[in-house]
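Asker: Let me give you the structure first, and then I'll get to my questions.
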Amino acid sequence: MSKKLPNLLFFGIDSLRRDHMSHYGYGRLTTPHITKYAEGGVTFENCFSAHIPTTPGYANMMTGRDCFGTGVVALNQGNIVEGVPVLAEVLREEGYETTCVGFEGNAAGRGYDNYIGFSGWGSDREDGRSHKAENLNDVAIPELERLAKGDKPFFLFMRHMDPHSPYLSPAPYMD
């Protein structure tokens, strides 16, 4: 009897502070959906970034190595050194289909079967606001539905940018 491998969702949220998440005890209700989702998953209480800013930080998460082990030591600087296995490649070898919803050319995007970009920076609509979360959802939800219908386990990495500057909130939250 073969054991079914679990589907994996990695939801990275750039610039989201743990100390402002109700899920981690912040006094205001800021992350109710994350809390509800986490009830069926795993919450890590003591996590620390191996490196900042985000480019080497994601490279660290996807390899388990520090910035010197990945060769990615600065923002928008290069790719993970060839020969260093990344999570997507390891999972593919185990039979997973892998998709990254993120930005073209990012160091953390290596090794995926599918790579889907979305508009995650600045104002992209007539209202002058940034719709980062909506733009991510527009491509991630159909991909999640496609992967869920497949016969292989899947790994879906979504790189969410909503809290990241520039933060141009949509209506009704504008200044």
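Lettering and numbering for the structure tokens are positional, with chains as A, B, ... in the shown order, residues counted from 1 in each chain, and ligands counted from 1 in the shown order.
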Running DSSP on the backbone, which parts of region 11-122 of chain A land in alpha helix (DSSP H), as a ChimeraX atom specification?
Answerer: /A:32-38,54-63,67-70,87-93
Asker: Using only C-alpha atoms, which residues of region 38-65 of chain A come within 10 Å of region 87-97 of chain A, and what is the closest atom pair for each, with the distance in Å to one decimal? Give it as a tab-separated table, sorted by chain and residue number.
Answerer:
residue	atom	partner	partner_atom	distance
A:Ala59	CA	A:Leu87	CA	9.9
A:Met61	CA	A:Leu87	CA	8.5
A:Met62	CA	A:Leu87	CA	5.2
A:Thr63	CA	A:Leu87	CA	6.1
A:Gly64	CA	A:Leu87	CA	8.6
Asker: Skipping near chain neighbours, those fewer than 4 positions away, what residues fall within 12 Å of Phe44 (chain A) using only C-alpha atoms, listed as a list in words?
Answerer: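 After dropping sequence-adjacent residues, the list is Arg18, His23, Tyr24, Ala38 and Phe48 of chain A.
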Asker: List the spatial neighbours of Asn76 (chain A) as number ranges by chain - criterion: any atom at most 10 Å away, only C-alpha atoms, same-chain residues fewer than 3 positions off excluded.
Answerer: A: 53-56, 72-73, 79, 105-107
Asker: Using the selection just defined, write its residues with all heavy atoms as a JSON list (two decimals), in the first residue's frame.
Answerer:
[["chain", "number", "residue", "atom", "x", "y", "z"],
["A", 53, "PRO", "N", 17.77, 41.42, 3.21],
["A", 53, "PRO", "CA", 16.35, 41.57, 2.92],
["A", 53, "PRO", "C", 15.76, 40.29, 2.32],
["A", 53, "PRO", "O", 16.35, 39.21, 2.44],
["A", 53, "PRO", "CB", 16.32, 42.73, 1.92],
["A", 53, "PRO", "CG", 17.62, 42.62, 1.20],
["A", 53, "PRO", "CD", 18.60, 42.10, 2.23],
["A", 54, "THR", "N", 14.62, 40.44, 1.65],
["A", 54, "THR", "CA", 13.84, 39.28, 1.23],
["A", 54, "THR", "C", 14.51, 38.37, 0.21],
["A", 54, "THR", "O", 14.33, 37.16, 0.28],
["A", 54, "THR", "CB", 12.47, 39.73, 0.67],
["A", 54, "THR", "OG1", 12.68, 40.65, -0.39],
["A", 54, "THR", "CG2", 11.62, 40.34, 1.73],
["A", 55, "THR", "N", 15.28, 38.88, -0.72],
["A", 55, "THR", "CA", 15.87, 38.02, -1.75],
["A", 55, "THR", "C", 16.73, 36.92, -1.13],
["A", 55, "THR", "O", 16.50, 35.74, -1.37],
["A", 55, "THR", "CB", 16.66, 38.85, -2.78],
["A", 55, "THR", "OG1", 15.79, 39.82, -3.37],
["A", 55, "THR", "CG2", 17.23, 37.96, -3.87],
["A", 56, "PRO", "N", 17.71, 37.25, -0.29],
["A", 56, "PRO", "CA", 18.46, 36.18, 0.35],
["A", 56, "PRO", "C", 17.63, 35.42, 1.37],
["A", 56, "PRO", "O", 17.84, 34.21, 1.58],
["A", 56, "PRO", "CB", 19.66, 36.87, 0.99],
["A", 56, "PRO", "CG", 19.33, 38.31, 1.02],
["A", 56, "PRO", "CD", 18.31, 38.57, -0.04],
["A", 72, "VAL", "N", 23.43, 34.04, -2.52],
["A", 72, "VAL", "CA", 22.53, 35.20, -2.65],
["A", 72, "VAL", "C", 22.67, 36.00, -1.36],
["A", 72, "VAL", "O", 22.15, 35.61, -0.31],
["A", 72, "VAL", "CB", 21.07, 34.77, -2.87],
["A", 72, "VAL", "CG1", 20.17, 35.99, -3.02],
["A", 72, "VAL", "CG2", 20.95, 33.87, -4.10],
["A", 73, "VAL", "N", 23.38, 37.12, -1.44],
["A", 73, "VAL", "CA", 23.70, 37.87, -0.23],
["A", 73, "VAL", "C", 23.09, 39.27, -0.17],
["A", 73, "VAL", "O", 23.26, 39.98, 0.81],
["A", 73, "VAL", "CB", 25.23, 37.96, -0.01],
["A", 73, "VAL", "CG1", 25.82, 36.58, 0.18],
["A", 73, "VAL", "CG2", 25.90, 38.69, -1.16],
["A", 79, "ASN", "N", 21.39, 34.53, -8.53],
["A", 79, "ASN", "CA", 20.59, 33.33, -8.32],
["A", 79, "ASN", "C", 21.30, 32.40, -7.37],
["A", 79, "ASN", "O", 22.50, 32.53, -7.13],
["A", 79, "ASN", "CB", 20.37, 32.62, -9.67],
["A", 79, "ASN", "CG", 19.51, 33.44, -10.60],
["A", 79, "ASN", "OD1", 18.44, 33.88, -10.22],
["A", 79, "ASN", "ND2", 19.99, 33.67, -11.81],
["A", 105, "GLY", "N", 12.47, 36.05, -12.37],
["A", 105, "GLY", "CA", 13.87, 36.32, -12.09],
["A", 105, "GLY", "C", 14.25, 36.35, -10.62],
["A", 105, "GLY", "O", 15.41, 36.56, -10.30],
["A", 106, "ASN", "N", 13.33, 36.10, -9.70],
["A", 106, "ASN", "CA", 13.68, 36.10, -8.29],
["A", 106, "ASN", "C", 14.46, 34.84, -7.96],
["A", 106, "ASN", "O", 14.15, 33.76, -8.46],
["A", 106, "ASN", "CB", 12.41, 36.20, -7.44],
["A", 106, "ASN", "CG", 12.75, 36.36, -5.98],
["A", 106, "ASN", "OD1", 13.08, 35.40, -5.29],
["A", 106, "ASN", "ND2", 12.68, 37.59, -5.51],
["A", 107, "ALA", "N", 15.44, 34.97, -7.09],
["A", 107, "ALA", "CA", 16.29, 33.83, -6.73],
["A", 107, "ALA", "C", 15.49, 32.65, -6.19],
["A", 107, "ALA", "O", 15.86, 31.50, -6.40],
["A", 107, "ALA", "CB", 17.33, 34.27, -5.69]]
Asker: For Leu136 (chain A), list every protein, DNA or RNA residue within 8 Å, evaluated using only C-alpha atoms, and leave out those in the same chain fewer than 5 positions away; present the list as a PDB file with N, CA, C and O atoms, in the first residue's frame.
Answerer:
ATOM      1  N   VAL A 101       4.083  31.228  -7.578  1.00  0.00           N
ATOM      2  CA  VAL A 101       3.403  32.464  -7.968  1.00  0.00           C
ATOM      3  C   VAL A 101       4.242  33.581  -7.370  1.00  0.00           C
ATOM      4  O   VAL A 101       4.289  33.749  -6.147  1.00  0.00           O
ATOM      5  N   PHE A 118       2.665  37.969 -11.407  1.00  0.00           N
ATOM      6  CA  PHE A 118       1.501  38.829 -11.201  1.00  0.00           C
ATOM      7  C   PHE A 118       1.981  40.240 -10.894  1.00  0.00           C
ATOM      8  O   PHE A 118       3.131  40.434 -10.512  1.00  0.00           O
ATOM      9  N   SER A 119       1.103  41.206 -11.076  1.00  0.00           N
ATOM     10  CA  SER A 119       1.447  42.599 -10.806  1.00  0.00           C
ATOM     11  C   SER A 119       1.417  42.824  -9.294  1.00  0.00           C
ATOM     12  O   SER A 119       0.353  42.865  -8.690  1.00  0.00           O
ATOM     13  N   GLY A 120       2.589  42.975  -8.703  1.00  0.00           N
ATOM     14  CA  GLY A 120       2.660  43.118  -7.257  1.00  0.00           C
ATOM     15  C   GLY A 120       3.272  44.412  -6.781  1.00  0.00           C
ATOM     16  O   GLY A 120       3.516  44.581  -5.598  1.00  0.00           O
ATOM     17  N   MET A 158       3.346  30.755  -2.932  1.00  0.00           N
ATOM     18  CA  MET A 158       2.741  32.037  -3.300  1.00  0.00           C
ATOM     19  C   MET A 158       3.476  33.141  -2.560  1.00  0.00           C
ATOM     20  O   MET A 158       3.529  33.137  -1.335  1.00  0.00           O
ATOM     21  N   HIS A 160       3.261  36.632  -1.532  1.00  0.00           N
ATOM     22  CA  HIS A 160       2.281  37.700  -1.331  1.00  0.00           C
ATOM     23  C   HIS A 160       3.008  39.000  -0.984  1.00  0.00           C
ATOM     24  O   HIS A 160       3.911  39.008  -0.170  1.00  0.00           O
TER      25      HIS A 160
END
Asker: So which bits of region 28-139 of chain A end up strand (DSSP E) when you DSSP the backbone, as an MDAnalysis selection string?
Answerer: chainID A and resid 97:102 114:117
Asker: Create the file for the chosen residues now, containing all heavy atoms and written as a tab-separated table (two decimals), in the first residue's frame.
Answerer:
chain	number	residue	atom	x	y	z
A	97	GLU	N	4.20	18.03	-8.25
A	97	GLU	CA	4.15	19.09	-9.25
A	97	GLU	C	4.34	20.38	-8.49
A	97	GLU	O	3.70	20.60	-7.46
A	97	GLU	CB	2.84	19.11	-10.02
A	97	GLU	CG	2.83	20.21	-11.08
A	97	GLU	CD	1.64	20.17	-12.02
A	97	GLU	OE1	0.81	19.26	-11.91
A	97	GLU	OE2	1.55	21.09	-12.85
A	98	THR	N	5.18	21.27	-8.99
A	98	THR	CA	5.53	22.48	-8.24
A	98	THR	C	5.19	23.74	-9.04
A	98	THR	O	5.44	23.82	-10.23
A	98	THR	CB	7.02	22.48	-7.89
A	98	THR	OG1	7.79	22.45	-9.09
A	98	THR	CG2	7.38	21.28	-7.02
A	99	THR	N	4.61	24.72	-8.34
A	99	THR	CA	4.29	26.01	-8.94
A	99	THR	C	4.72	27.12	-8.01
A	99	THR	O	4.49	27.06	-6.80
A	99	THR	CB	2.78	26.15	-9.21
A	99	THR	OG1	2.37	25.16	-10.15
A	99	THR	CG2	2.43	27.53	-9.77
A	100	CYS	N	5.29	28.17	-8.58
A	100	CYS	CA	5.64	29.39	-7.85
A	100	CYS	C	4.82	30.53	-8.44
A	100	CYS	O	4.83	30.76	-9.64
A	100	CYS	CB	7.13	29.70	-8.00
A	100	CYS	SG	7.62	31.26	-7.23
A	101	VAL	N	4.08	31.23	-7.58
A	101	VAL	CA	3.40	32.46	-7.97
A	101	VAL	C	4.24	33.58	-7.37
A	101	VAL	O	4.29	33.75	-6.15
A	101	VAL	CB	1.95	32.52	-7.46
A	101	VAL	CG1	1.31	33.85	-7.83
A	101	VAL	CG2	1.14	31.36	-8.02
A	102	GLY	N	4.96	34.30	-8.21
A	102	GLY	CA	5.89	35.30	-7.70
A	102	GLY	C	6.31	36.26	-8.78
A	102	GLY	O	5.49	36.70	-9.58
A	114	ASN	N	6.17	25.11	-12.87
A	114	ASN	CA	5.34	26.22	-13.37
A	114	ASN	C	5.72	27.48	-12.62
A	114	ASN	O	5.95	27.45	-11.41
A	114	ASN	CB	3.85	25.93	-13.12
A	114	ASN	CG	3.44	24.57	-13.61
A	114	ASN	OD1	3.52	24.29	-14.79
A	114	ASN	ND2	3.05	23.71	-12.68
A	115	TYR	N	5.76	28.59	-13.34
A	115	TYR	CA	6.09	29.88	-12.73
A	115	TYR	C	5.07	30.89	-13.24
A	115	TYR	O	4.94	31.08	-14.45
A	115	TYR	CB	7.50	30.30	-13.11
A	115	TYR	CG	8.01	31.44	-12.27
A	115	TYR	CD1	8.68	31.20	-11.08
A	115	TYR	CD2	7.79	32.74	-12.65
A	115	TYR	CE1	9.12	32.24	-10.29
A	115	TYR	CE2	8.23	33.79	-11.87
A	115	TYR	CZ	8.90	33.53	-10.69
A	115	TYR	OH	9.33	34.57	-9.91
A	116	ILE	N	4.33	31.51	-12.32
A	116	ILE	CA	3.27	32.45	-12.69
A	116	ILE	C	3.57	33.80	-12.06
A	116	ILE	O	3.67	33.91	-10.84
A	116	ILE	CB	1.90	31.94	-12.23
A	116	ILE	CG1	1.61	30.56	-12.82
A	116	ILE	CG2	0.81	32.95	-12.61
A	116	ILE	CD1	0.37	29.90	-12.25
A	117	GLY	N	3.71	34.82	-12.89
A	117	GLY	CA	3.93	36.17	-12.39
A	117	GLY	C	2.61	36.89	-12.17
A	117	GLY	O	1.56	36.48	-12.66
Asker: For a quick check of understanding, using only C-alpha atoms, which of A:Pro32, A:Asn135, A:Glu145, A:Leu75 has the smallest distance to Ile52 (chain A)?
Answerer: A:Leu75
